[in-house]
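Okay, so here's the structure we're looking at.
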Protein chains: 2
Amino acid sequence: MNSQLTKKRLLSPADIKPTNDVFEVIGVFNPGVIYIDDDVLMLARIAERPLEDRRGFTGLPRWTSGGDSTVDWVANAELQSIDSRVVKTKVDGCLRLTSVSYLQVFRRKRGSADPWSLGSRFLPNSPLESFGIEDARITQIDQTYWITYVAVSPTGVATVLASSDDMLTLERHGIIFPPENKDVVLFPSKINGQYYALHRPNPSSRFSPPQIWLARSDDLIHWGDHAPLVAGCHCWEGDRIGAGTPPILIDEGWLLAYHGCSRPASETAAGQVGVYSAGLLLLDRDDPSRVLTRSSAPLLFPTTSYETTGFVPDVVFPTAMIDAGESIDLYYGAADTSIAFVTMKKQALLDSLHWN
Amino acid sequence: MNSQLTKKRLLSPADIKPTNDVFEVIGVFNPGVIYIDDDVLMLARIAERPLEDRRGFTGLPRWTSGGDSTVDWVANAELQSIDSRVVKTKVDGCLRLTSVSYLQVFRRKRGSADPWSLGSRFLPNSPLESFGIEDARITQIDQTYWITYVAVSPTGVATVLASSDDMLTLERHGIIFPPENKDVVLFPSKINGQYYALHRPNPSSRFSPPQIWLARSDDLIHWGDHAPLVAGCHCWEGDRIGAGTPPILIDEGWLLAYHGCSRPASETAAGQVGVYSAGLLLLDRDDPSRVLTRSSAPLLFPTTSYETTGFVPDVVFPTAMIDAGESIDLYYGAADTSIAFVTMKKQALLDSLHWN
């Protein structure tokens, strides 16, 4: 499938101004996307890091309770490098991010090649977001846009629920999945009277690689009935899997794209991350705990230079899928650096699934 | 405080018969406790492991979907020892437990020294419990006993909710906190119209040591409004903290005991676990997210031989606290091996807290 698709990069860091003159933008990626009338609206993650290269030190950015970003300069001797995204402080074994992210709305006409117009900017606004907010997914339910995003702070990596009627302002509804949990997507309607979400716990005690779980709710705020749904079973998803795009309802059931990450060649070498590819999952329309079929080979994997090189090389990370009639539009983050897009004939995409 | 208390061991492995003749009992510990009329009822964790010592191999027990226990014999060369409780399989980096646990009811008259009578036995009964069920806490709400316990399986370490009207049978209500989450305790009544729980996420990405979190629910099944409540701040709780006993309401607010674990001397040496001690936490009666005061020094720490030696040495792990009028009764696991008990004058216990 991958080879027949025309990938297109939509935004890259060069398109974005930093929030202040001591930061540089290193990524615009992993967008939640909705179509409003004739417009495409993307809620993208923008990652920044300190511009200054201070010899012997690493600048670790964070958001302050006053609502500004700042940088903690820590001696390299006190840090252990994990990968490009995180370092460990030796004194207490705790992690810090090397960049800090916020969420930015971009908008333009569908099919247009014009520059994107900038919409609202959502910055971290509490101690639970002090290391940044990341990876928004958007699900329209009735007339409201429900947004899940990842909040990172000294208390961990959790998922927050927010809502908006206009994508101009956000109302936050607190943490719905405590640490460590990301890759949370909401189904766009109730099923048998309840809301459903996919989530991806990442436990300290690893009895298996991280898996996709299903949960249910009466109100989108309080979640229960947690159960594992899908485990990685092919080598391209051997290290971890996670949703992915909010599911869309097609004739055949609930369709979504998810990411799988392969096991890195060496688990001990610093800087090793596996290859992130995208697969498809089809769930029963009346009972999403029933997996009808899934990709055996990746639908998409890194091939272009903007997917194979960047802040985290070799990453294709799907975050939005939209039913555009005959075709399906897929938006994804590339190498934790850029936003890219493919459109696929719906029938070809279904044919790529190996039905059992 | 510790030195003025008379600790008493209530049960040890020698008191318990194994479930079959190829297993030995290595622990009876971490009990949920309620007082029913004049009786003490304990729902204890019993841990078993293979009796056979097969040269060059380790026997890893688990529960089968058929409802029986079995043992996987794995060559030691394929395993990495983590501590007495867990090993890591080298081929996939995943964990296995060296023992398997179930829950057992014990009952006798309060104040009696008679042998305990055996009540119902609750065994793992689903793939989500195949590595055992552990560490029950009991909270009576109206006429129902609500039980949280830890389920361990290849999908991780999660917390299940169950209920019982008579402690003869259990009704399971699914996973309420997905992996990794344990040390979940329920408050015994609604507060401002909502149920409250304390829980203890343990994320893979460690931005801080594990902390106690607070969550709210309308129905005990679906939980939201997650927020961190208490972080370890003294050296005896430097590695992690967790509830503890279900809170009890006294004049001063919600009182509970929690555990803190110190950082082990060496984090890299296999077999290193810190010292587990018990502290007290007092929360506002109308808003449990307000911490009124907490122990600066441990209320209880390991001193007796049955606390300092055992399956996991140096563990005092409080799991039940009961208001007995002038005194407070505290039940705890000792060294992941035995059940022990102390009773304390309520006023002395409150005096031990350093009020701010």
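In the structure tokens, the first chain shown is A, the next is B, and so on; residue numbers restart at 1 for each chain, and ligands run from 1 in the order shown.
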
Next on the checklist: Give me, as an MDAnalysis selection string, all polymer residues having an atom no more than 10 Å from Thr304 (chain A), counting only C-alpha atoms and skipping those fewer than 6 positions away in the same chain.
Outcome noted: chainID A and resid 7:9 314 334

Residue subset to file, keeping N, CA, C and O atoms, as an mmCIF file, in the first residue's frame:
```cif
data_model
loop_
_atom_site.group_PDB
_atom_site.id
_atom_site.type_symbol
_atom_site.label_atom_id
_atom_site.label_comp_id
_atom_site.auth_asym_id
_atom_site.auth_seq_id
_atom_site.Cartn_x
_atom_site.Cartn_y
_atom_site.Cartn_z
ATOM 1 N N LYS A 7 2.571 10.814 -0.710
ATOM 2 C CA LYS A 7 2.683 11.523 0.559
ATOM 3 C C LYS A 7 2.970 12.992 0.284
ATOM 4 O O LYS A 7 3.643 13.336 -0.690
ATOM 5 N N LYS A 8 2.486 13.827 1.171
ATOM 6 C CA LYS A 8 2.684 15.260 0.970
ATOM 7 C C LYS A 8 2.975 15.913 2.318
ATOM 8 O O LYS A 8 2.200 15.745 3.267
ATOM 9 N N ARG A 9 4.061 16.652 2.406
ATOM 10 C CA ARG A 9 4.354 17.366 3.643
ATOM 11 C C ARG A 9 3.554 18.660 3.671
ATOM 12 O O ARG A 9 3.547 19.422 2.694
ATOM 13 N N ASP A 314 12.657 8.209 11.470
ATOM 14 C CA ASP A 314 11.882 6.999 11.155
ATOM 15 C C ASP A 314 10.573 6.922 11.924
ATOM 16 O O ASP A 314 10.261 5.914 12.576
ATOM 17 N N ALA A 334 5.478 13.303 11.115
ATOM 18 C CA ALA A 334 6.626 12.676 10.459
ATOM 19 C C ALA A 334 7.890 13.033 11.227
ATOM 20 O O ALA A 334 8.232 14.218 11.372
#
```

Checklist entry - Got a sec to pull out which chain B residues are within 6 Å of chain A, counting only C-alpha atoms, and send them as a list in words? => result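 Per the criterion, chain B yields Cys94, Leu95, Pro154, Thr155, Gly156, Gly174, Ile175, Ile176, Pro179, Glu180, Asn202, Pro203, Ser204, Arg206, Phe207, Ser208, Ile221, His222, Trp223, Gly224, Asp225 and His226 of chain B.
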
Checklist entry - B:Leu214, B:Ile191, B:Asn125, B:Leu282: which is nearest Glu171 (chain B), counting only C-alpha atoms? => result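 Selected residue with least distance to Glu171 (chain B): B:Asn125.
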
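Distances here use only C-alpha atoms; by that measure, the residue among B:Gly242, B:Pro188, B:Pro288, B:Pro50 closest to Gln143 (chain B) is B:Pro188.
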
Checklist entry - Which residues come within 9 Å of Ala297 (chain B), counting only C-alpha atoms, excluding same-chain residues fewer than 3 positions away, as a list in words? => result His234, Trp236, Gly279, Leu300, Ser352 and Leu353 of chain B

Hey, can you spit out that residue selection with C-alpha atoms as a compact mmCIF listing (two decimals), in the first residue's frame?
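Result written to part_37.txt:
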```
# COMPACT_ATOMS: atom_id res chain seq x y z
CA HIS B 234 11.02 12.43 53.57
CA TRP B 236 11.79 7.02 54.48
CA GLY B 279 2.83 7.00 57.98
CA LEU B 300 5.56 2.19 62.22
CA SER B 352 2.27 11.96 66.63
CA LEU B 353 1.30 14.11 63.64
```

Next on the checklist: as a PyMOL selection string, please: every residue in region 77-252 of chain A that a backbone DSSP assignment puts in strand (DSSP E or B).
Outcome noted: chain A and resi 79-81+86-89+94-97+100-109+117-122+133-141+144-153+156-164+171-177+181-186+191+194-201+203+212-217+223-230+240-243+248-250

Checklist entry - What's the 10 Å shell around Asp68 (chain A), counting only C-alpha atoms, without same-chain residues fewer than 6 positions away, as a list in words? => result Thr19, Asn20, Arg62, Leu123, Pro124, Asn125 and Ser130 of chain A

Item to check | Selection: 10 Å around region 337-347 of chain B, only C-alpha atoms, excl. self and same-chain fewer than 3 positions, as a PyMOL selection string | outcome: chain B and resi 1-2+4-15+25-31+42+44-47+250+300+306-307+309-313+315-318+320-334+350-352

Next on the checklist: Please report the interatomic distance between CA of Gly66 (chain B) and CA of Gly232 (chain A) in Å with one decimal.
Outcome noted: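 About the pair CA of Gly66 (chain B) and CA of Gly232 (chain A): they are 25.2 Å apart.
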
Item to check | Shortest interatomic distance to Ile141 (chain A) - which of A:Val184, A:Leu118, A:Ile34, A:Ala348, counting only C-alpha atoms | outcome: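 The closest residue to Ile141 (chain A) is A:Ile34.
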